[in-house]
Each structure stands twice: as structure tokens, then as C-alpha cells.
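Colleague: Mind looking over this structure? Questions follow.
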Amino acid sequence: MTRKVFFSFKYEDVGRAMIVRNSWVTQGTVAAGFIDHADFEAVERGGDASIKRWINAQLDGSSVTVVLVGEKTCRSRWVKYEIAQSIARGNGLLGIDISKIKNFQGKVSERCGKIPAGYNFYLWNNDKGYENMGEWIELAAQNAGL
């Protein structure tokens, strides 16, 4: 089954998030929650209401939300909002540690924790995310009754 997946992440981790997203898209699937920097700045200039509208529009039609957890993700108010909206919509939910994926400068970081709490959480590198993410997403959807 093809699922539209919303990827939630702190924008500082965009390089790492793109690696995960691209691995999903190359498998013939649909990803949401990505925006280029110039477009994001335009949305951001519109204030909180504009950002919420953009997030909600990206979540429309999605069935699973994947939270990509890096060093500062746990402190992101927008990631928290995306998680809350995903739960309210009944999306399947899971977390993936992306901190050990090298960023644009070739560096890794530490992750801030395991979010979302109470949902399955995976390590991109150690748990072979490229090979297994489809199964993780399907399990999250099944756990949500989808």
C-alpha cells in the first residue's frame, strides 16, 4: 500500500532529513513536510498562524508521521505541534534517530532523546533504516488501526 508520510524534523537537520526522505521517495512513495529555505522563510514571515496552516496542509492526506530526531529536535515547538496534530488526526507515529547521519559538513551529533514518547523508535544507521523504513512505517500505520 502506498502511504503519504509526513516527515517532522528540526530544520537544522535538513541535510540528514533529506537523506531519509530521498530513500523513501526513491522507493516510489510520497513524502510531505519538506520545504526549501526560501519558501520556509516566506511562510515564517507570515507568523505562527501561517506556519500552522502550512503544517496542517502538509499533514492533509498523510497516514503516518515520522519524527526525525537530531540534537535539538526535542526543543522544537513546531515538531511538538506536528506530533500533537498527527496524534489528533490519528496518524501512525514513529521516531527515527538521524543524529549519526553525517551532515553537509561531514559531522555527526547526539540526539536529544526518544520522541515521540510511547511510540516505536529506531536508529537510522544501526537498524538499517534504508532497508527497513518501509516496514517501520507500515507497522506504525497498523498500530494506529490504518
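Residue numbering restarts at 1 in every chain; chains get A, B, ... in the order shown in the C-alpha cells, and ligands count up from 1 in that same order.
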Using DSSP secondary structure from the backbone, list all alpha helix (DSSP H) positions within stretch 40-76 of chain A, as a list of chain:residue names.
Modeller: A:Phe40, A:Glu41, A:Ala42, A:Val43, A:Glu44, A:Arg45, A:Gly47, A:Asp48, A:Ala49, A:Ser50, A:Ile51, A:Lys52, A:Arg53, A:Trp54, A:Ile55, A:Asn56, A:Ala57, A:Gln58, A:Leu59
Colleague: May I have the residues from that selection written out with C-alpha atoms, as a PDB file, in the first residue's frame?
Modeller:
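Below is the file that was written, result32.pdb:
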ATOM      1  CA  PHE A  40      10.134  28.420   4.537  1.00  0.00           C
ATOM      2  CA  GLU A  41      11.298  31.979   5.182  1.00  0.00           C
ATOM      3  CA  ALA A  42       8.195  33.274   3.375  1.00  0.00           C
ATOM      4  CA  VAL A  43       5.921  31.050   5.478  1.00  0.00           C
ATOM      5  CA  GLU A  44       7.783  32.071   8.632  1.00  0.00           C
ATOM      6  CA  ARG A  45       7.339  35.769   7.857  1.00  0.00           C
ATOM      7  CA  GLY A  47       3.890  34.310  11.686  1.00  0.00           C
ATOM      8  CA  ASP A  48       2.663  31.413  13.775  1.00  0.00           C
ATOM      9  CA  ALA A  49      -0.725  31.177  12.053  1.00  0.00           C
ATOM     10  CA  SER A  50       0.987  30.869   8.674  1.00  0.00           C
ATOM     11  CA  ILE A  51       3.333  28.144   9.928  1.00  0.00           C
ATOM     12  CA  LYS A  52       0.406  26.194  11.432  1.00  0.00           C
ATOM     13  CA  ARG A  53      -1.529  26.454   8.152  1.00  0.00           C
ATOM     14  CA  TRP A  54       1.473  25.138   6.228  1.00  0.00           C
ATOM     15  CA  ILE A  55       1.971  22.227   8.648  1.00  0.00           C
ATOM     16  CA  ASN A  56      -1.727  21.344   8.589  1.00  0.00           C
ATOM     17  CA  ALA A  57      -1.793  21.427   4.784  1.00  0.00           C
ATOM     18  CA  GLN A  58       1.239  19.129   4.650  1.00  0.00           C
ATOM     19  CA  LEU A  59      -0.410  16.715   7.086  1.00  0.00           C
TER      20      LEU A  59
END
Colleague: When you look at A:Ala84 with a cut-off of 12 Å (counting only C-alpha atoms), what residues show up, excluding the ones that are within fewer than 4 positions of it in the same chain? I need them as a PyMOL selection string.
Modeller: chain A and resi 8+52+55-56+59+65+67+77-80+88-93+115-117
Colleague: Can you tell me, as a list in words, what residues are no more than 12 Å from A:Asn125 when counting only C-alpha atoms, ignoring any on the same chain fewer than 2 positions away?
Modeller: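 Here the answer would be Arg16, Ile19, Val20, Ile96, Asp97, Ile98, Ser99, Lys100, Ile101, Lys102, Val108, Tyr122, Leu123, Asp127, Lys128, Gly129, Tyr130, Glu131, Asn132 and Met133 of chain A.
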Colleague: Can you write out the residues you just picked, keeping C-alpha atoms, as a short mmCIF file (atom, residue, chain, number, x, y, z; two decimals), in the first residue's frame?
Modeller:
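Produced file selection-v2.cif, reproduced below:
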data_model
loop_
_atom_site.label_atom_id
_atom_site.label_comp_id
_atom_site.auth_asym_id
_atom_site.auth_seq_id
_atom_site.Cartn_x
_atom_site.Cartn_y
_atom_site.Cartn_z
CA ARG A 16 20.12 14.46 7.37
CA ILE A 19 18.83 11.53 3.10
CA VAL A 20 15.97 9.77 4.87
CA ILE A 96 14.00 7.72 13.90
CA ASP A 97 17.35 8.85 15.30
CA ILE A 98 19.14 10.69 12.48
CA SER A 99 21.94 12.15 14.59
CA LYS A 100 24.55 9.71 13.30
CA ILE A 101 23.91 10.54 9.65
CA LYS A 102 26.66 12.91 8.53
CA VAL A 108 27.52 13.62 13.35
CA TYR A 122 14.61 3.34 15.55
CA LEU A 123 18.25 4.18 14.87
CA ASP A 127 18.72 -0.51 12.46
CA LYS A 128 19.38 -0.25 8.70
CA GLY A 129 16.83 2.46 8.01
CA TYR A 130 17.25 2.43 4.25
CA GLU A 131 16.28 -1.24 4.15
CA ASN A 132 13.67 -1.24 6.92
CA MET A 133 11.89 2.12 6.95
#
Colleague: Please identify the strand (DSSP E or B) residues within stretch 26-133 of chain A (assignment by DSSP from backbone atoms) and present them as a ChimeraX atom specification.
Modeller: /A:30-32,64-69,92-97,121-123
Colleague: Store the residues picked out above in a file with N, CA, C and O atoms, as a PDB file, in the first residue's frame.
Modeller:
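Contents of selection_28.pdb, as written:
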ATOM      1  N   VAL A  30       5.373   8.601  -1.360  1.00  0.00           N
ATOM      2  CA  VAL A  30       5.091  10.028  -1.288  1.00  0.00           C
ATOM      3  C   VAL A  30       5.517  10.576   0.068  1.00  0.00           C
ATOM      4  O   VAL A  30       5.196  10.004   1.108  1.00  0.00           O
ATOM      5  N   ALA A  31       6.244  11.695   0.048  1.00  0.00           N
ATOM      6  CA  ALA A  31       6.718  12.331   1.279  1.00  0.00           C
ATOM      7  C   ALA A  31       6.171  13.745   1.364  1.00  0.00           C
ATOM      8  O   ALA A  31       6.027  14.426   0.353  1.00  0.00           O
ATOM      9  N   ALA A  32       5.874  14.188   2.593  1.00  0.00           N
ATOM     10  CA  ALA A  32       5.410  15.557   2.825  1.00  0.00           C
ATOM     11  C   ALA A  32       6.188  16.124   4.004  1.00  0.00           C
ATOM     12  O   ALA A  32       6.783  15.390   4.780  1.00  0.00           O
ATOM     13  N   VAL A  64       0.896   8.497   8.119  1.00  0.00           N
ATOM     14  CA  VAL A  64       1.954   8.220   9.091  1.00  0.00           C
ATOM     15  C   VAL A  64       2.840   9.454   9.210  1.00  0.00           C
ATOM     16  O   VAL A  64       3.139  10.108   8.209  1.00  0.00           O
ATOM     17  N   THR A  65       3.255   9.752  10.442  1.00  0.00           N
ATOM     18  CA  THR A  65       4.217  10.823  10.697  1.00  0.00           C
ATOM     19  C   THR A  65       5.485  10.190  11.236  1.00  0.00           C
ATOM     20  O   THR A  65       5.444   9.424  12.196  1.00  0.00           O
ATOM     21  N   VAL A  66       6.607  10.519  10.597  1.00  0.00           N
ATOM     22  CA  VAL A  66       7.916  10.047  11.018  1.00  0.00           C
ATOM     23  C   VAL A  66       8.656  11.236  11.621  1.00  0.00           C
ATOM     24  O   VAL A  66       8.894  12.228  10.935  1.00  0.00           O
ATOM     25  N   VAL A  67       8.992  11.147  12.905  1.00  0.00           N
ATOM     26  CA  VAL A  67       9.728  12.210  13.581  1.00  0.00           C
ATOM     27  C   VAL A  67      11.218  11.874  13.472  1.00  0.00           C
ATOM     28  O   VAL A  67      11.666  10.846  13.979  1.00  0.00           O
ATOM     29  N   LEU A  68      11.953  12.732  12.778  1.00  0.00           N
ATOM     30  CA  LEU A  68      13.388  12.540  12.590  1.00  0.00           C
ATOM     31  C   LEU A  68      14.103  13.304  13.701  1.00  0.00           C
ATOM     32  O   LEU A  68      14.069  14.532  13.732  1.00  0.00           O
ATOM     33  N   VAL A  69      14.725  12.564  14.604  1.00  0.00           N
ATOM     34  CA  VAL A  69      15.249  13.153  15.834  1.00  0.00           C
ATOM     35  C   VAL A  69      16.752  13.391  15.740  1.00  0.00           C
ATOM     36  O   VAL A  69      17.535  12.466  15.537  1.00  0.00           O
ATOM     37  N   GLY A  92      -0.418   7.176  12.134  1.00  0.00           N
ATOM     38  CA  GLY A  92       0.586   6.320  12.738  1.00  0.00           C
ATOM     39  C   GLY A  92       1.781   7.202  13.052  1.00  0.00           C
ATOM     40  O   GLY A  92       1.999   8.236  12.400  1.00  0.00           O
ATOM     41  N   LEU A  93       2.555   6.833  14.046  1.00  0.00           N
ATOM     42  CA  LEU A  93       3.652   7.687  14.501  1.00  0.00           C
ATOM     43  C   LEU A  93       4.845   6.835  14.875  1.00  0.00           C
ATOM     44  O   LEU A  93       4.696   5.749  15.457  1.00  0.00           O
ATOM     45  N   LEU A  94       6.040   7.307  14.519  1.00  0.00           N
ATOM     46  CA  LEU A  94       7.277   6.654  14.928  1.00  0.00           C
ATOM     47  C   LEU A  94       8.393   7.672  14.930  1.00  0.00           C
ATOM     48  O   LEU A  94       8.257   8.753  14.350  1.00  0.00           O
ATOM     49  N   GLY A  95       9.483   7.333  15.596  1.00  0.00           N
ATOM     50  CA  GLY A  95      10.654   8.195  15.637  1.00  0.00           C
ATOM     51  C   GLY A  95      11.864   7.486  15.062  1.00  0.00           C
ATOM     52  O   GLY A  95      11.978   6.261  15.172  1.00  0.00           O
ATOM     53  N   ILE A  96      12.733   8.256  14.437  1.00  0.00           N
ATOM     54  CA  ILE A  96      13.996   7.725  13.904  1.00  0.00           C
ATOM     55  C   ILE A  96      15.124   8.661  14.310  1.00  0.00           C
ATOM     56  O   ILE A  96      15.068   9.871  14.050  1.00  0.00           O
ATOM     57  N   ASP A  97      16.149   8.096  14.942  1.00  0.00           N
ATOM     58  CA  ASP A  97      17.355   8.849  15.296  1.00  0.00           C
ATOM     59  C   ASP A  97      18.167   9.081  14.030  1.00  0.00           C
ATOM     60  O   ASP A  97      18.619   8.130  13.391  1.00  0.00           O
ATOM     61  N   PHE A 121      10.679   3.533  18.141  1.00  0.00           N
ATOM     62  CA  PHE A 121      11.804   4.419  17.879  1.00  0.00           C
ATOM     63  C   PHE A 121      12.951   3.594  17.313  1.00  0.00           C
ATOM     64  O   PHE A 121      13.267   2.516  17.832  1.00  0.00           O
ATOM     65  N   TYR A 122      13.566   4.081  16.254  1.00  0.00           N
ATOM     66  CA  TYR A 122      14.609   3.336  15.549  1.00  0.00           C
ATOM     67  C   TYR A 122      15.855   4.195  15.371  1.00  0.00           C
ATOM     68  O   TYR A 122      15.787   5.422  15.374  1.00  0.00           O
ATOM     69  N   LEU A 123      16.971   3.521  15.166  1.00  0.00           N
ATOM     70  CA  LEU A 123      18.245   4.175  14.871  1.00  0.00           C
ATOM     71  C   LEU A 123      18.506   3.992  13.376  1.00  0.00           C
ATOM     72  O   LEU A 123      18.637   2.861  12.910  1.00  0.00           O
TER      73      LEU A 123
END
Colleague: Select, from A:Phe6, A:Gly113, A:Tyr11, A:Ala140, the residue with the minimum atom-to-atom distance to A:Ile83, counting only C-alpha atoms.
Modeller: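 Of A:Phe6, A:Gly113, A:Tyr11, A:Ala140, the one nearest A:Ile83, counting only C-alpha atoms, is A:Phe6.
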Colleague: Kindly indicate which residue among A:Lys10, A:Cys74, A:Ile87, A:Gly15 lies nearest to A:Lys107, using only C-alpha atoms for the distances.
Modeller: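 Comparing A:Lys10, A:Cys74, A:Ile87, A:Gly15 against A:Lys107, the winner is A:Gly15.
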Colleague: Check the smallest atom-to-atom distance from each of A:Asp60, A:Val5, A:Gly70, A:Asp13 to A:Lys114 using only C-alpha atoms, then report the winner.
Modeller: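 Under the stated criterion, the closest residue is A:Gly70.
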Colleague: Do you have the atom CA of A:Phe9-atom CA of A:Gly145 distance handy?
Modeller: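 Calculated distance between atom CA of A:Phe9 and atom CA of A:Gly145 is 24.2 Å.
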Colleague: Restricting the calculation to only C-alpha atoms: of A:Asn22, A:Cys112, A:Arg75, A:Ser63, which residue gets closest to A:Ile137?
Modeller: A:Ser63
